[in-house]
Number of protein chains: 2
Amino acid sequence: MHVLVTGAAGMLGRKLVARLVGDGSLGEAAVEHLTLTDVVAPTAPDGFAGTVDLVAADLAADGVADRLVAGRPDVVFHLAAVVSGQAETDLDLGYRVNLDGTRALLDAVRTSHETEGRTPRLVLTSSIAVYGAPLPLPIPEDFHQTPLTSYGTQKAIGELLLADWTRRGFCDGVGVRLPTVCIRPGAPNAAASGFFSSILREPLVGQEAVLPVPETVRHWFASPRSAVDFLVRAATLDTALVGPRRTLSMPGLSATVGEQLEALRRVAGERAVRLVRHEPDPAVMRIVETWAGALDASRAEGLGFRAETSFDEIIRAHVEDELGGVLPG
Amino acid sequence: MHVLVTGAAGMLGRKLVARLVGDGSLGEAAVEHLTLTDVVAPTAPDGFAGTVDLVAADLAADGVADRLVAGRPDVVFHLAAVVSGQAETDLDLGYRVNLDGTRALLDAVRTSHETEGRTPRLVLTSSIAVYGAPLPLPIPEDFHQTPLTSYGTQKAIGELLLADWTRRGFCDGVGVRLPTVCIRPGAPNAAASGFFSSILREPLVGQEAVLPVPETVRHWFASPRSAVDFLVRAATLDTALVGPRRTLSMPGLSATVGEQLEALRRVAGERAVRLVRHEPDPAVMRIVETWAGALDASRAEGLGFRAETSFDEIIRAHVEDELGGVLPG
């Protein structure tokens, strides 16, 4: 089996590739060949027995997507994206990567279908940002998409295109509407949701973090480990069970910032919680208050998707996966 | 005031231009200049005191939208579209006109905003085709958009882009989600919904028409006259009342084919109804049964939008507007 991953140098891309290499297979089939692409060169995964192509390229540039899909992937994970904060500040870049890049990939898949009869499984990442306030709690899956960011707009368009391409038979698409991934490892990215991770990640290693919103703010979360699980399940799912509504709201944990901090206290003690500085930022608050507090993910749950059920679990997953299972000091 | 109309050679475009010329104004402002564009040259309206530019061009082609918007329109009616049936059979053309053309127009509006500070009112036509079965009756305005045609996909994307551009301040957008326009005058177009008009239009002038679906099929209608009303109202509305959800489900009349034929009987007699030949077509039925039977248009109604309340009214509007007020024979 040949697996193509776009956005392979990103946090989720690297974790997905590590998982594929660790499992050695995807569903029933052995993973024999990986094509990993991103705007910067992805690194080759350790310990992979198959062959790997590493491609540093702009998916939206002429011919790039066609060349990638000419390698005849059986499964395509389309993770390449400009994140919410950056898509808001750099309108052109956001539309180029998140819309034009996705269209280029879909057009290449169509060409491959029409010329070679290929119908790859295409897993597309979407986001809770497709929903815009005022929002019900939880948001039903059949709630309309009126995003209040350009990122959410681009993701909603991706969902629509994926459904149309699948209906046309060019690919076998599954969209996964991801919760905010928390705890994101490593350095903060340009996502406006970054503080949800940093208020846990930094204190866990003895560093200060800033909380720009009140503790009452409620949001929708899943660990990186769960997010990778969602992707793998979306790639191996029996899509006859999905029907024409191809994007699924993923399960998650609905929690307030206060509940995050209580979990931090239980796992790492009062000293860790004291490292969180409350510095209310009205600008951040205005963005965050338009976000989803919880989604009704019962359709995905019925298809076997599972997320964490407590923030203690999410924190422990981070300690295991990122800190070698040990809390410093 | 300068008004730009795309798709100005189409049925709705011509009726809108005739209305603007007849009124001489749009809201409080006199219409002094019209730019009318379409892929074929629109005809100049009769009796217009202002100046008119007629532009035959492909909106998606390089530079066309920029040249049109460089004329600094105060109001843009974006009606240009490939209709549902054709967008389904010619995928490339549908995406080119309905998606690339719309983006080109929006990009030109953005450029004009950024270079000249212009913020035109932009009225975009959308469609009940943005909703896909299974559908509630009526469809709430906050129901998700999971279209089952490429046309519906392209219209849903247009709604998303319009909202993002408006939120960014590049234009003052209002989308109108039109019911099926009935009775369409003139020759049938490539819309799959064409029979809803032909089963009335042809018998009214003594000609046969074919009905491919059972009389129990329910659908959502407004007359061409109401559709033009919607556009004019959307162009003059106080958009402070609309909020960030910029596309409104337009009011309409929910009626079955049987109710259409009863109205035909009342207006034109049994002889007219006998001209309708029942020729069930499972292919047409499969498309039509995925369509909306009724929309909840209460938000638009609260803003003053009104449609017909009986099919007798719709038929009489056609007789007045298209047949000189007189039934032949």
# chains A, B, ... in the order shown; residues from 1 in each chain; ligands from 1
$ residues_around --residues "segment 169-185 of chain B" --least-positions-apart "5" --cutoff "6 Å" --atoms "only C-alpha atoms" --output "list in words"
Arg110, His113, Thr119, Pro120, Arg121, Leu122, Val123, Leu124, Thr125, Ser126, Ser127, Ser197, Trp220, Phe221, Ala222, Ser223, Pro224, Arg246, Thr247, Leu248, Ser249 and Met250 of chain B
$ write_last_selection --atoms "N, CA and C atoms" --output "mmCIF file, in the first residue's frame"
data_model
loop_
_atom_site.group_PDB
_atom_site.id
_atom_site.type_symbol
_atom_site.label_atom_id
_atom_site.label_comp_id
_atom_site.auth_asym_id
_atom_site.auth_seq_id
_atom_site.Cartn_x
_atom_site.Cartn_y
_atom_site.Cartn_z
ATOM 1 N N ARG B 110 -12.348 43.000 -3.664
ATOM 2 C CA ARG B 110 -11.342 43.194 -2.608
ATOM 3 C C ARG B 110 -10.266 44.189 -3.060
ATOM 4 N N HIS B 113 -11.576 47.572 -2.964
ATOM 5 C CA HIS B 113 -11.674 48.052 -1.578
ATOM 6 C C HIS B 113 -10.305 48.494 -1.066
ATOM 7 N N THR B 119 -16.719 49.889 -1.009
ATOM 8 C CA THR B 119 -17.370 48.769 -0.328
ATOM 9 C C THR B 119 -18.762 48.597 -0.922
ATOM 10 N N PRO B 120 -18.856 48.041 -2.119
ATOM 11 C CA PRO B 120 -20.165 47.963 -2.776
ATOM 12 C C PRO B 120 -21.101 46.975 -2.087
ATOM 13 N N ARG B 121 -22.381 47.211 -2.190
ATOM 14 C CA ARG B 121 -23.361 46.177 -1.855
ATOM 15 C C ARG B 121 -23.238 45.075 -2.921
ATOM 16 N N LEU B 122 -23.086 43.840 -2.473
ATOM 17 C CA LEU B 122 -22.966 42.726 -3.422
ATOM 18 C C LEU B 122 -24.082 41.725 -3.154
ATOM 19 N N VAL B 123 -24.968 41.596 -4.112
ATOM 20 C CA VAL B 123 -26.101 40.675 -3.972
ATOM 21 C C VAL B 123 -25.786 39.414 -4.762
ATOM 22 N N LEU B 124 -25.771 38.312 -4.054
ATOM 23 C CA LEU B 124 -25.406 37.034 -4.672
ATOM 24 C C LEU B 124 -26.626 36.118 -4.665
ATOM 25 N N THR B 125 -26.883 35.452 -5.774
ATOM 26 C CA THR B 125 -27.997 34.505 -5.787
ATOM 27 C C THR B 125 -27.502 33.129 -5.384
ATOM 28 N N SER B 126 -28.167 32.571 -4.387
ATOM 29 C CA SER B 126 -27.912 31.195 -4.036
ATOM 30 C C SER B 126 -29.194 30.400 -4.300
ATOM 31 N N SER B 127 -29.251 29.201 -3.782
ATOM 32 C CA SER B 127 -30.298 28.276 -4.221
ATOM 33 C C SER B 127 -30.658 27.298 -3.118
ATOM 34 N N SER B 197 -42.090 24.505 -14.423
ATOM 35 C CA SER B 197 -42.606 25.633 -15.201
ATOM 36 C C SER B 197 -43.345 25.165 -16.447
ATOM 37 N N TRP B 220 -40.698 24.128 -3.727
ATOM 38 C CA TRP B 220 -40.663 25.455 -3.119
ATOM 39 C C TRP B 220 -40.494 26.481 -4.234
ATOM 40 N N PHE B 221 -41.464 27.389 -4.377
ATOM 41 C CA PHE B 221 -41.573 28.213 -5.583
ATOM 42 C C PHE B 221 -41.691 29.705 -5.298
ATOM 43 N N ALA B 222 -41.231 30.503 -6.233
ATOM 44 C CA ALA B 222 -41.591 31.923 -6.273
ATOM 45 C C ALA B 222 -41.627 32.346 -7.731
ATOM 46 N N SER B 223 -42.414 33.349 -8.029
ATOM 47 C CA SER B 223 -42.513 33.830 -9.414
ATOM 48 C C SER B 223 -41.264 34.623 -9.781
ATOM 49 N N PRO B 224 -41.007 34.787 -11.078
ATOM 50 C CA PRO B 224 -39.892 35.667 -11.496
ATOM 51 C C PRO B 224 -40.047 37.071 -10.906
ATOM 52 N N ARG B 246 -25.009 36.014 6.286
ATOM 53 C CA ARG B 246 -25.364 36.964 5.244
ATOM 54 C C ARG B 246 -26.314 36.437 4.203
ATOM 55 N N THR B 247 -26.533 35.136 4.163
ATOM 56 C CA THR B 247 -27.452 34.612 3.150
ATOM 57 C C THR B 247 -28.779 34.265 3.802
ATOM 58 N N LEU B 248 -29.832 34.741 3.189
ATOM 59 C CA LEU B 248 -31.186 34.572 3.720
ATOM 60 C C LEU B 248 -31.956 33.583 2.853
ATOM 61 N N SER B 249 -32.656 32.658 3.526
ATOM 62 C CA SER B 249 -33.596 31.798 2.806
ATOM 63 C C SER B 249 -34.798 32.646 2.417
ATOM 64 N N MET B 250 -35.045 32.736 1.129
ATOM 65 C CA MET B 250 -36.148 33.566 0.647
ATOM 66 C C MET B 250 -37.491 32.879 0.877
#
$ interface_residues --of "chain A" --to "chain B" --cutoff "12 Å" --atoms "only C-alpha atoms" --output "NGL selection string"
:A and (87-89 or 91-92 or 95 or 99-100 or 103 or 107 or 110 or 130-136 or 139-168 or 243-247 or 290)
$ closest_atom_pairs --of "segment 152-244 of chain A" --to "segment 68-83 of chain A" --cutoff "9 Å" --atoms "only C-alpha atoms" --output "JSON lines"
{"residue": "A:Asn189", "atom": "CA", "partner": "A:Val83", "partner_atom": "CA", "distance": 8.0}
{"residue": "A:Ala190", "atom": "CA", "partner": "A:Val83", "partner_atom": "CA", "distance": 6.4}
{"residue": "A:Ala191", "atom": "CA", "partner": "A:Val83", "partner_atom": "CA", "distance": 5.5}
{"residue": "A:Ala192", "atom": "CA", "partner": "A:Val83", "partner_atom": "CA", "distance": 8.5}
{"residue": "A:Leu231", "atom": "CA", "partner": "A:Phe77", "partner_atom": "CA", "distance": 7.8}
{"residue": "A:Ala235", "atom": "CA", "partner": "A:Val75", "partner_atom": "CA", "distance": 6.9}
$ write_last_selection --atoms "N, CA, C and O atoms" --output "PDB file, in the first residue's frame"
ATOM      1  N   ASN A 189       2.187  27.295  17.786  1.00  0.00           N
ATOM      2  CA  ASN A 189       2.034  27.691  16.385  1.00  0.00           C
ATOM      3  C   ASN A 189       1.128  28.926  16.326  1.00  0.00           C
ATOM      4  O   ASN A 189       0.856  29.532  17.360  1.00  0.00           O
ATOM      5  N   ALA A 190       0.687  29.288  15.136  1.00  0.00           N
ATOM      6  CA  ALA A 190      -0.082  30.533  15.003  1.00  0.00           C
ATOM      7  C   ALA A 190      -1.573  30.336  15.231  1.00  0.00           C
ATOM      8  O   ALA A 190      -2.359  31.218  14.947  1.00  0.00           O
ATOM      9  N   ALA A 191      -1.967  29.190  15.748  1.00  0.00           N
ATOM     10  CA  ALA A 191      -3.385  28.971  16.030  1.00  0.00           C
ATOM     11  C   ALA A 191      -3.814  29.844  17.204  1.00  0.00           C
ATOM     12  O   ALA A 191      -3.110  29.926  18.215  1.00  0.00           O
ATOM     13  N   ALA A 192      -4.975  30.473  17.075  1.00  0.00           N
ATOM     14  CA  ALA A 192      -5.465  31.344  18.144  1.00  0.00           C
ATOM     15  C   ALA A 192      -5.802  30.536  19.396  1.00  0.00           C
ATOM     16  O   ALA A 192      -5.930  31.081  20.485  1.00  0.00           O
ATOM     17  N   LEU A 231      -7.642   9.804  12.318  1.00  0.00           N
ATOM     18  CA  LEU A 231      -7.173   9.769  10.930  1.00  0.00           C
ATOM     19  C   LEU A 231      -7.058   8.329  10.436  1.00  0.00           C
ATOM     20  O   LEU A 231      -7.472   8.003   9.317  1.00  0.00           O
ATOM     21  N   ALA A 235      -9.292   6.387   7.551  1.00  0.00           N
ATOM     22  CA  ALA A 235      -8.656   5.777   6.373  1.00  0.00           C
ATOM     23  C   ALA A 235      -9.059   4.327   6.180  1.00  0.00           C
ATOM     24  O   ALA A 235      -8.892   3.775   5.088  1.00  0.00           O
TER      25      ALA A 235
END
$ residues_around --residues "Ala49 of chain A" --least-positions-apart "2" --cutoff "10 Å" --atoms "only C-alpha atoms" --output "list in words"
Val21, Gly24, Val31, Glu32, His33, Pro45, Asp46, Gly47, Thr51 and Val52 of chain A
$ residues_around --residues "segment 282-284 of chain A" --least-positions-apart "2" --cutoff "9 Å" --atoms "only C-alpha atoms" --output "list of chain:residue names"
A:Ala192, A:Ser193, A:Pro212, A:Val213, A:Pro280, A:Arg286, A:Ile287, A:Val288, A:Glu289
$ residues_around --residues "Phe311 of chain B" --least-positions-apart "6" --cutoff "12 Å" --atoms "only C-alpha atoms" --output "NGL selection string"
:B and (182-183 or 196-197 or 200 or 219-223 or 252-267 or 317-318)
$ select_by_dssp --residues "segment 262-329 of chain B" --states "strand (DSSP E or B)" --output "list in words"
Val276, Arg277, His278 and Leu295 of chain B
$ atom_distance --atom1 "atom CA of Ala9 of chain B" --atom2 "atom CA of Gly50 of chain B"
18.7 Å
$ closest_residue --among "A:Pro138, A:Gly117, A:Pro203, A:Gly101" --to "Leu295 of chain A" --atoms "only C-alpha atoms"
A:Pro138
$ atom_distance --atom1 "atom CA of Glu270 of chain B" --atom2 "atom CA of Val319 of chain B"
17.2 Å
$ residues_around --residues "segment 63-65 of chain A" --least-positions-apart "6" --cutoff "8 Å" --atoms "only C-alpha atoms" --output "PDB file with all heavy atoms, in the first residue's frame"
ATOM      1  N   ALA A  57       7.405  20.904  -1.420  1.00  0.00           N
ATOM      2  CA  ALA A  57       6.738  21.589  -2.534  1.00  0.00           C
ATOM      3  C   ALA A  57       5.484  22.291  -2.034  1.00  0.00           C
ATOM      4  O   ALA A  57       4.937  21.958  -0.984  1.00  0.00           O
ATOM      5  CB  ALA A  57       6.363  20.581  -3.622  1.00  0.00           C
ATOM      6  N   ALA A 104      -6.329  21.799  -5.850  1.00  0.00           N
ATOM      7  CA  ALA A 104      -5.299  21.206  -6.722  1.00  0.00           C
ATOM      8  C   ALA A 104      -5.182  19.713  -6.454  1.00  0.00           C
ATOM      9  O   ALA A 104      -5.090  18.894  -7.376  1.00  0.00           O
ATOM     10  CB  ALA A 104      -3.954  21.909  -6.501  1.00  0.00           C
ATOM     11  N   LEU A 105      -5.206  19.349  -5.182  1.00  0.00           N
ATOM     12  CA  LEU A 105      -5.129  17.928  -4.833  1.00  0.00           C
ATOM     13  C   LEU A 105      -6.348  17.180  -5.371  1.00  0.00           C
ATOM     14  O   LEU A 105      -6.230  16.098  -5.969  1.00  0.00           O
ATOM     15  CB  LEU A 105      -5.030  17.784  -3.305  1.00  0.00           C
ATOM     16  CG  LEU A 105      -4.936  16.354  -2.775  1.00  0.00           C
ATOM     17  CD1 LEU A 105      -3.659  15.670  -3.260  1.00  0.00           C
ATOM     18  CD2 LEU A 105      -4.997  16.330  -1.250  1.00  0.00           C
ATOM     19  N   ALA A 108      -6.149  16.751  -9.085  1.00  0.00           N
ATOM     20  CA  ALA A 108      -5.191  15.703  -9.447  1.00  0.00           C
ATOM     21  C   ALA A 108      -5.797  14.319  -9.234  1.00  0.00           C
ATOM     22  O   ALA A 108      -5.609  13.404 -10.050  1.00  0.00           O
ATOM     23  CB  ALA A 108      -3.913  15.861  -8.620  1.00  0.00           C
TER      24      ALA A 108
END
